[in-house]
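Structure data (TSV, C-alpha atoms) from protein33.tsv:
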chain	number	residue	atom	x	y	z
O	422	MET	CA	15.98	-12.28	27.68
O	423	ALA	CA	13.62	-9.84	26.05
O	424	THR	CA	10.63	-11.19	24.16
O	425	TYR	CA	8.80	-9.65	21.25
O	426	THR	CA	5.18	-9.56	20.22
O	427	CYS	CA	4.32	-9.63	16.54
O	428	ASN	CA	1.40	-7.50	15.45
O	429	SER	CA	0.16	-7.86	11.91
O	430	ASN	CA	-3.31	-6.40	12.44
O	431	TYR	CA	-2.83	-3.11	10.63
O	432	HIS	CA	-6.01	-1.63	9.19
O	433	THR	CA	-5.89	2.13	9.55
O	434	ARG	CA	-3.54	4.81	8.35
O	435	GLY	CA	-2.86	5.78	11.97
O	436	SER	CA	-1.32	2.36	12.58
O	437	CYS	CA	1.41	2.83	9.98
O	438	PRO	CA	4.91	2.72	11.47
O	439	SER	CA	6.50	6.12	11.96
O	440	LYS	CA	9.93	5.23	13.22
O	441	ASP	CA	12.89	2.94	12.61
O	442	TYR	CA	15.53	4.11	10.15
O	443	HIS	CA	14.16	7.57	9.38
O	444	ASN	CA	12.48	10.48	11.11
O	445	THR	CA	9.15	10.90	9.33
O	446	ASN	CA	7.61	13.72	11.34
O	447	ASP	CA	8.08	16.42	8.70
O	448	ARG	CA	6.23	15.58	5.49
O	449	ARG	CA	7.78	18.54	3.72
O	450	ARG	CA	11.22	16.94	3.97
O	451	GLN	CA	10.07	13.83	2.12
O	452	PRO	CA	10.11	14.36	-1.67
O	453	ARG	CA	7.26	12.97	-3.72
O	454	ARG	CA	9.65	11.63	-6.32
O	455	SER	CA	13.35	10.86	-6.28
O	456	GLN	CA	15.62	12.03	-9.08
O	457	ILE	CA	17.50	8.71	-8.99
O	458	ASN	CA	16.91	6.32	-11.86
O	459	TRP	CA	16.46	3.28	-9.64
O	460	GLY	CA	17.59	-0.11	-10.92
O	461	ALA	CA	18.03	-3.72	-9.84
O	462	GLY	CA	20.49	-4.27	-7.00
O	463	GLN	CA	20.25	-0.76	-5.58
O	464	LEU	CA	19.13	-0.12	-2.03
O	465	ALA	CA	16.44	2.49	-1.61
O	466	PHE	CA	14.17	3.54	1.23
O	467	LEU	CA	10.50	2.67	0.95
O	468	THR	CA	8.47	5.69	2.04
O	469	SER	CA	6.29	5.31	5.15
O	470	CYS	CA	2.66	4.53	4.37
O	471	GLU	CA	1.77	7.57	6.48
O	472	ARG	CA	2.89	9.65	3.50
O	473	TYR	CA	1.03	7.81	0.76
O	474	ASP	CA	-1.60	9.67	-1.18
O	475	ASP	CA	-5.08	8.17	-1.32
O	476	GLU	CA	-4.40	6.22	-4.49
O	477	ASP	CA	-1.20	4.60	-3.23
O	478	TYR	CA	-2.72	3.92	0.17
O	479	TYR	CA	-5.73	2.20	-1.35
O	480	ASN	CA	-3.75	0.20	-3.90
O	481	LEU	CA	-1.03	-0.97	-1.52
O	482	ILE	CA	-2.17	-0.79	2.10
O	483	GLN	CA	-5.95	-1.01	2.13
O	484	SER	CA	-5.82	-3.74	-0.51
O	485	LYS	CA	-3.31	-5.59	1.70
O	486	GLU	CA	-0.81	-5.89	-1.12
O	487	ILE	CA	1.88	-4.78	1.32
O	488	PRO	CA	1.71	-4.67	5.14
O	489	PRO	CA	2.19	-1.21	6.68
O	490	LYS	CA	5.09	-2.43	8.81
O	491	ALA	CA	7.02	-3.28	5.62
O	492	THR	CA	7.09	0.42	4.70
O	493	ASN	CA	9.49	2.96	6.21
O	494	HIS	CA	12.32	0.50	5.68
O	495	PRO	CA	15.31	0.12	3.39
O	496	CYS	CA	14.70	-2.26	0.53
O	497	VAL	CA	16.60	-4.04	-2.20
O	498	ILE	CA	15.29	-3.53	-5.73
O	499	LEU	CA	15.11	-7.00	-7.26
O	500	ARG	CA	13.80	-6.02	-10.66
O	501	ARG	CA	12.79	-2.96	-12.60
O	502	ASP	CA	12.17	-3.09	-16.33
O	503	GLN	CA	13.51	-0.23	-18.41
O	504	GLY	CA	11.21	2.78	-18.16
O	505	SER	CA	8.74	1.00	-15.87
O	506	ASP	CA	6.90	2.88	-13.14
O	507	TYR	CA	6.99	-0.24	-10.93
O	508	CYS	CA	9.61	-2.46	-9.39
O	509	ILE	CA	9.86	-5.58	-7.23
O	510	ILE	CA	11.48	-4.98	-3.86
O	511	THR	CA	12.28	-6.88	-0.68
O	512	PRO	CA	12.56	-4.92	2.59
O	513	VAL	CA	15.61	-4.92	4.83
O	514	SER	CA	14.76	-4.96	8.52
O	515	ALA	CA	16.43	-5.04	11.91
O	516	PHE	CA	13.56	-7.18	13.22
O	517	SER	CA	13.77	-5.31	16.56
O	518	ALA	CA	17.42	-6.32	17.04
O	519	SER	CA	19.48	-3.67	18.78
O	520	GLU	CA	22.39	-3.18	21.14
O	521	GLU	CA	19.96	-3.66	24.04
O	522	THR	CA	19.10	-7.16	22.77
O	523	ASN	CA	22.70	-7.93	21.81
O	524	PHE	CA	21.53	-7.83	18.18
O	525	LEU	CA	19.45	-10.97	18.62
O	526	PRO	CA	18.65	-12.22	15.09
O	527	PRO	CA	15.00	-12.75	14.16
O	528	TRP	CA	15.09	-16.55	13.97
O	529	LYS	CA	16.03	-16.58	17.68
O	530	GLN	CA	13.16	-14.27	18.64
O	531	ARG	CA	9.93	-15.80	19.85
O	532	CYS	CA	7.66	-13.80	17.56
O	533	HIS	CA	9.53	-14.93	14.43
O	534	GLN	CA	9.94	-18.60	15.31
O	535	ARG	CA	7.36	-19.66	12.72
O	536	LYS	CA	9.43	-18.13	9.94
O	537	ALA	CA	11.73	-20.51	8.07
O	538	ARG	CA	15.28	-19.85	9.22
O	539	GLN	CA	16.70	-20.74	5.82
O	540	HIS	CA	14.61	-17.97	4.26
O	541	PHE	CA	16.53	-15.25	6.06
O	542	ARG	CA	19.45	-13.57	4.31
O	543	SER	CA	22.05	-11.63	6.26
O	544	PHE	CA	24.14	-8.66	5.24
O	545	ARG	CA	27.80	-8.76	6.15
O	546	GLY	CA	28.18	-7.62	9.73
O	547	SER	CA	24.88	-9.18	10.83
O	548	GLU	CA	24.61	-12.67	12.29
O	549	SER	CA	24.16	-15.27	9.57
O	550	SER	CA	21.20	-17.61	9.54
O	551	SER	CA	23.56	-20.45	8.65
O	552	SER	CA	26.58	-21.84	10.45
O	553	SER	CA	29.16	-24.53	9.86
O	554	SER	CA	26.97	-27.04	11.71
O	555	ASP	CA	23.82	-26.30	9.70
O	556	SER	CA	22.72	-28.40	6.77
O	557	ILE	CA	21.71	-25.21	4.94
O	558	ALA	CA	25.25	-23.86	5.07
O	559	SER	CA	27.60	-24.54	2.20
O	560	SER	CA	30.53	-22.60	0.86
O	561	ASN	CA	29.41	-23.73	-2.59
O	562	ASP	CA	25.83	-22.58	-2.07
O	563	PRO	CA	25.43	-18.86	-2.80
O	564	CYS	CA	22.08	-18.91	-1.01
O	565	SER	CA	23.86	-19.28	2.33
O	566	GLN	CA	26.45	-16.56	1.81
O	567	LEU	CA	26.39	-13.09	3.35
O	568	LEU	CA	25.11	-10.25	1.19
O	569	GLU	CA	27.79	-7.75	0.21
O	570	LEU	CA	27.58	-4.13	-0.91
O	571	ARG	CA	29.76	-2.59	-3.58
O	572	ASP	CA	32.84	-0.56	-2.63
O	573	GLY	CA	32.90	-2.05	0.86
O	574	ARG	CA	29.92	0.00	2.02
O	575	THR	CA	27.72	-1.18	4.88
O	576	MET	CA	24.09	-0.92	5.86
O	577	PRO	CA	23.02	1.89	8.26
O	578	LYS	CA	22.53	-0.84	10.86
O	579	PRO	CA	25.48	-3.09	10.03
O	580	LYS	CA	24.83	-5.54	12.89
O	581	ALA	CA	21.09	-5.78	12.34
O	582	SER	CA	20.17	-6.01	8.67
O	583	TRP	CA	18.29	-9.01	7.36
O	584	ILE	CA	16.02	-9.92	4.46
O	585	TYR	CA	13.22	-12.46	4.64
O	586	ILE	CA	12.83	-13.78	1.11
O	587	GLU	CA	9.10	-14.45	1.46
O	588	HIS	CA	8.61	-10.69	1.76
O	589	ILE	CA	8.65	-9.42	-1.81
O	590	TYR	CA	6.35	-6.71	-3.11
O	591	VAL	CA	5.52	-4.72	-6.23
O	592	VAL	CA	5.60	-0.97	-5.55
O	593	PRO	CA	5.55	2.23	-7.62
O	594	VAL	CA	9.03	3.63	-8.15
O	595	HIS	CA	7.94	7.08	-6.95
O	596	LEU	CA	7.66	5.70	-3.39
O	597	LEU	CA	11.41	5.04	-3.26
O	598	ILE	CA	13.72	7.69	-1.81
O	599	PRO	CA	17.44	7.81	-0.94
O	600	PHE	CA	18.84	7.17	2.51
O	601	ARG	CA	19.37	10.01	4.95
O	602	LYS	CA	22.21	10.56	7.38
O	603	PRO	CA	21.32	10.46	11.10
O	604	GLY	CA	21.06	14.27	11.09
O	605	GLY	CA	18.49	14.20	8.31
O	606	GLU	CA	20.66	15.27	5.37
O	607	TRP	CA	20.50	13.29	2.15
O	608	GLU	CA	23.48	11.08	1.44
O	609	PRO	CA	25.73	12.66	-1.18
O	610	LYS	CA	27.02	9.34	-2.51
O	611	GLU	CA	25.47	7.09	-5.09
O	612	PRO	CA	22.87	4.70	-3.64
O	613	ARG	CA	24.16	1.63	-1.88
O	614	GLN	CA	24.16	-1.35	-4.19
O	615	LEU	CA	24.57	-5.10	-3.88
O	616	THR	CA	27.50	-6.65	-5.65
O	617	ASP	CA	26.57	-8.52	-8.79
O	618	ASP	CA	27.29	-11.85	-7.09
O	619	SER	CA	25.11	-11.01	-4.08
O	620	LEU	CA	22.21	-9.85	-6.25
O	621	ALA	CA	22.42	-13.01	-8.38
O	622	ALA	CA	22.56	-15.20	-5.26
O	623	LEU	CA	19.58	-13.42	-3.69
O	624	LYS	CA	17.51	-13.84	-6.85
O	625	LYS	CA	18.46	-17.50	-7.09
O	626	HIS	CA	17.51	-18.04	-3.45
O	627	ILE	CA	14.08	-16.45	-3.96
O	628	ALA	CA	13.44	-18.37	-7.19
O	629	ARG	CA	14.47	-21.66	-5.60
O	630	GLU	CA	12.60	-21.36	-2.31
O	631	THR	CA	9.49	-19.34	-3.26
O	632	PRO	CA	8.91	-19.93	-7.01
O	633	ASP	CA	5.13	-19.52	-6.94
O	634	LEU	CA	5.28	-16.29	-4.95
O	635	LEU	CA	7.94	-14.92	-7.26
O	636	LYS	CA	5.95	-15.84	-10.34
O	637	SER	CA	2.86	-14.08	-9.00
O	638	LYS	CA	4.81	-10.89	-8.30
O	639	LEU	CA	6.45	-10.92	-11.73
O	640	ASN	CA	3.08	-11.38	-13.39
O	641	GLN	CA	1.62	-8.65	-11.19
O	642	MET	CA	4.31	-6.20	-12.24
O	643	ASP	CA	3.80	-7.05	-15.89
O	644	GLN	CA	0.07	-6.45	-15.49
O	645	PHE	CA	0.69	-3.08	-13.85
O	646	ASN	CA	2.96	-2.13	-16.73
O	647	LYS	CA	0.26	-3.03	-19.24
O	648	ASN	CA	-2.44	-1.12	-17.35
O	649	THR	CA	-0.52	2.13	-17.05
O	650	SER	CA	1.01	4.54	-19.51
O	651	SER	CA	4.51	3.43	-18.52
O	652	SER	CA	7.29	1.63	-20.35
O	653	CYS	CA	5.04	-0.29	-22.76
O	654	ASN	CA	4.03	2.99	-24.40
O	655	LYS	CA	7.55	4.37	-24.59
O	656	PRO	CA	9.43	3.92	-27.88
O	657	ASP	CA	12.76	3.37	-26.13
O	658	ALA	CA	11.73	0.09	-24.50
O	659	PRO	CA	9.24	-1.88	-26.62
O	660	GLN	CA	11.05	-5.22	-26.30
O	661	GLN	CA	11.59	-4.95	-22.56
O	662	CYS	CA	7.85	-4.77	-21.96
O	663	SER	CA	7.01	-7.68	-24.20
O	664	GLN	CA	9.33	-10.10	-22.37
O	665	SER	CA	7.83	-12.80	-20.21
O	666	ALA	CA	7.32	-12.10	-16.52
O	667	LEU	CA	9.48	-15.13	-15.81
O	668	ASN	CA	12.56	-13.36	-17.15
O	669	PHE	CA	13.67	-12.57	-13.61
O	670	TYR	CA	17.36	-12.91	-14.38
O	671	GLY	CA	17.36	-10.78	-17.50
O	672	GLN	CA	18.24	-13.98	-19.33
O	673	THR	CA	15.79	-16.67	-20.45
O	674	ASN	CA	12.79	-18.57	-19.15
O	675	GLN	CA	14.90	-21.74	-19.17
O	676	THR	CA	17.03	-20.24	-16.38
O	677	TYR	CA	13.98	-19.81	-14.17
O	678	LYS	CA	12.68	-23.30	-14.93
O	679	ALA	CA	16.09	-24.84	-14.19
O	680	VAL	CA	16.32	-23.09	-10.82
O	681	ARG	CA	12.79	-24.07	-9.92
O	682	ALA	CA	13.50	-27.71	-10.79
O	683	ASN	CA	16.48	-27.89	-8.39

Once more with this new file: its structure as C-alpha cells, please.
Amino acid sequence: MATYTCNSNYHTRGSCPSKDYHNTNDRRRQPRRSQINWGAGQLAFLTSCERYDDEDYYNLIQSKEIPPKATNHPCVILRRDQGSDYCIITPVSAFSASEETNFLPPWKQRCHQRKARQHFRSFRGSESSSSSSDSIASSNDPCSQLLELRDGRTMPKPKASWIYIEHIYVVPVHLLIPFRKPGGEWEPKEPRQLTDDSLAALKKHIARETPDLLKSKLNQMDQFNKNTSSSCNKPDAPQQCSQSALNFYGQTNQTYKAVRAN
C-alpha cells in the first residue's frame, strides 16, 4: 500500500502548490476578480498562492494565516456578510486519494492519522468517515451525513472530495474564482452549491467540534470588515456589519451558544 509524507514547512513563494484541480501555468488565464457575487454555501476555487500579489501573499501566506497547500483548491464558502470583501471558507481536498490508491480516504493514510476522523466530512460519492459500526455515525446526527450539492451536481473529483473542519480560513473574496472544465474553459453553469440542509449541518458540525477556532475566525472577519472600506461603509448594509461575529447561522447568538453547549 502506498504511503504519504506530509509536508507543512512552506516558507517561500516557490513552494506554493501549482497542481491539483487546475492548471495554473498561465497567469493571464486567471482573472484578478470574479464577476460572481459569492455567497454562503457556494463552492468556489481558491486561487493558488503563486498568483497572489505582494499584499495578499504577505497577509495570508507569509503571516501564516493560511498554509500554501490550502490554496489552489475548491472551497466551500461558510459565511460572507452582505457587501463584505472577506469570507470564511473551508477547502475541499482529495488528500492525495486517486484511482491509483483506490481512493484511499485521508483517515486511512499514514500522514493524516493524527487528524480526528470525526472531523472529516465527505461529499456524496466519496467514502464516508462514519459507518454503521462507528459511534460517530447516526442517522439522526446531521454531522455524520454526506454533503450534497444542489440539482444533483457532483464535485470534480466525486470519489475523492473531503473537508476537514479544523481547516477554516478568512480570505478576500477577490481570490475566489469559478471552476474550470478539464480543457481549461470556464464552467457555463451557476457555481456548485451545497443544499441548505448540508450547509446547515456543516456549520453545526464546525460550531460543535471547534467552537473556539470558529469564534476566532468570525471575530477576525469582523475586524477585517471594520479595518477596510468594505460593507461597513456601504449604505445598503449597515445592520449586517454591526451584527455580532457569533451570528454564524444568520440567526441569533443563542443558537451558537446552544450548539456549543451540546

**OP:** Would you work out the distance separating CA of Glu548 in chain O from CA of Pro526 in chain O, expressed in Å to one decimal?
**Re:**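 Distance reported for this atom pair: 6.6 Å.
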
Original post:
What does the distance between CA of Leu481 in chain O and CA of Gln456 in chain O come to in Å, to one decimal place?
Top reply: 22.4 Å

**OP:** Name the residues in contact with Ile498 in chain O at a cut-off of 9 Å, using only C-alpha atoms, excluding same-chain residues fewer than 3 positions from it; report them as a PyMOL selection string.
**Re:** chain O and resi 459-465+501+508-512

Original post:
Quick one, how far is CA of Ser514 in chain O from CA of Pro495 in chain O?
Top reply: 7.2 Å

Original post:
Which residue, O:Glu611, O:Asp562, O:Glu476, O:Glu569, has the smallest gap to Pro599 in chain O when you use only C-alpha atoms?
Top reply: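 Looking only at the distances to Pro599 in chain O, the closest residue turns out to be O:Glu611.
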
Assuming 5 Å of padding per side, give the centre and edge lengths of the axis-aligned box around every listed atom of range 609-628 of chain O, in Å to one decimal and as JSON.
{"center_x": 20.5, "center_y": -2.9, "center_z": -5.0, "size_x": 24.1, "size_y": 41.0, "size_z": 17.6}

Original post:
Given the choices O:Ile627, O:Met576, O:Ile584, O:Cys496, which gets closest to Arg542 in chain O if the distance is worked out from only C-alpha atoms?
Top reply: O:Ile584

Original post:
Skipping near chain neighbours, those fewer than 3 positions away, what residues fall within 8 Å of Ala581 in chain O using only C-alpha atoms, listed as a ChimeraX atom specification?
Top reply: /O:514-516,518-519,524,526,546-548,578
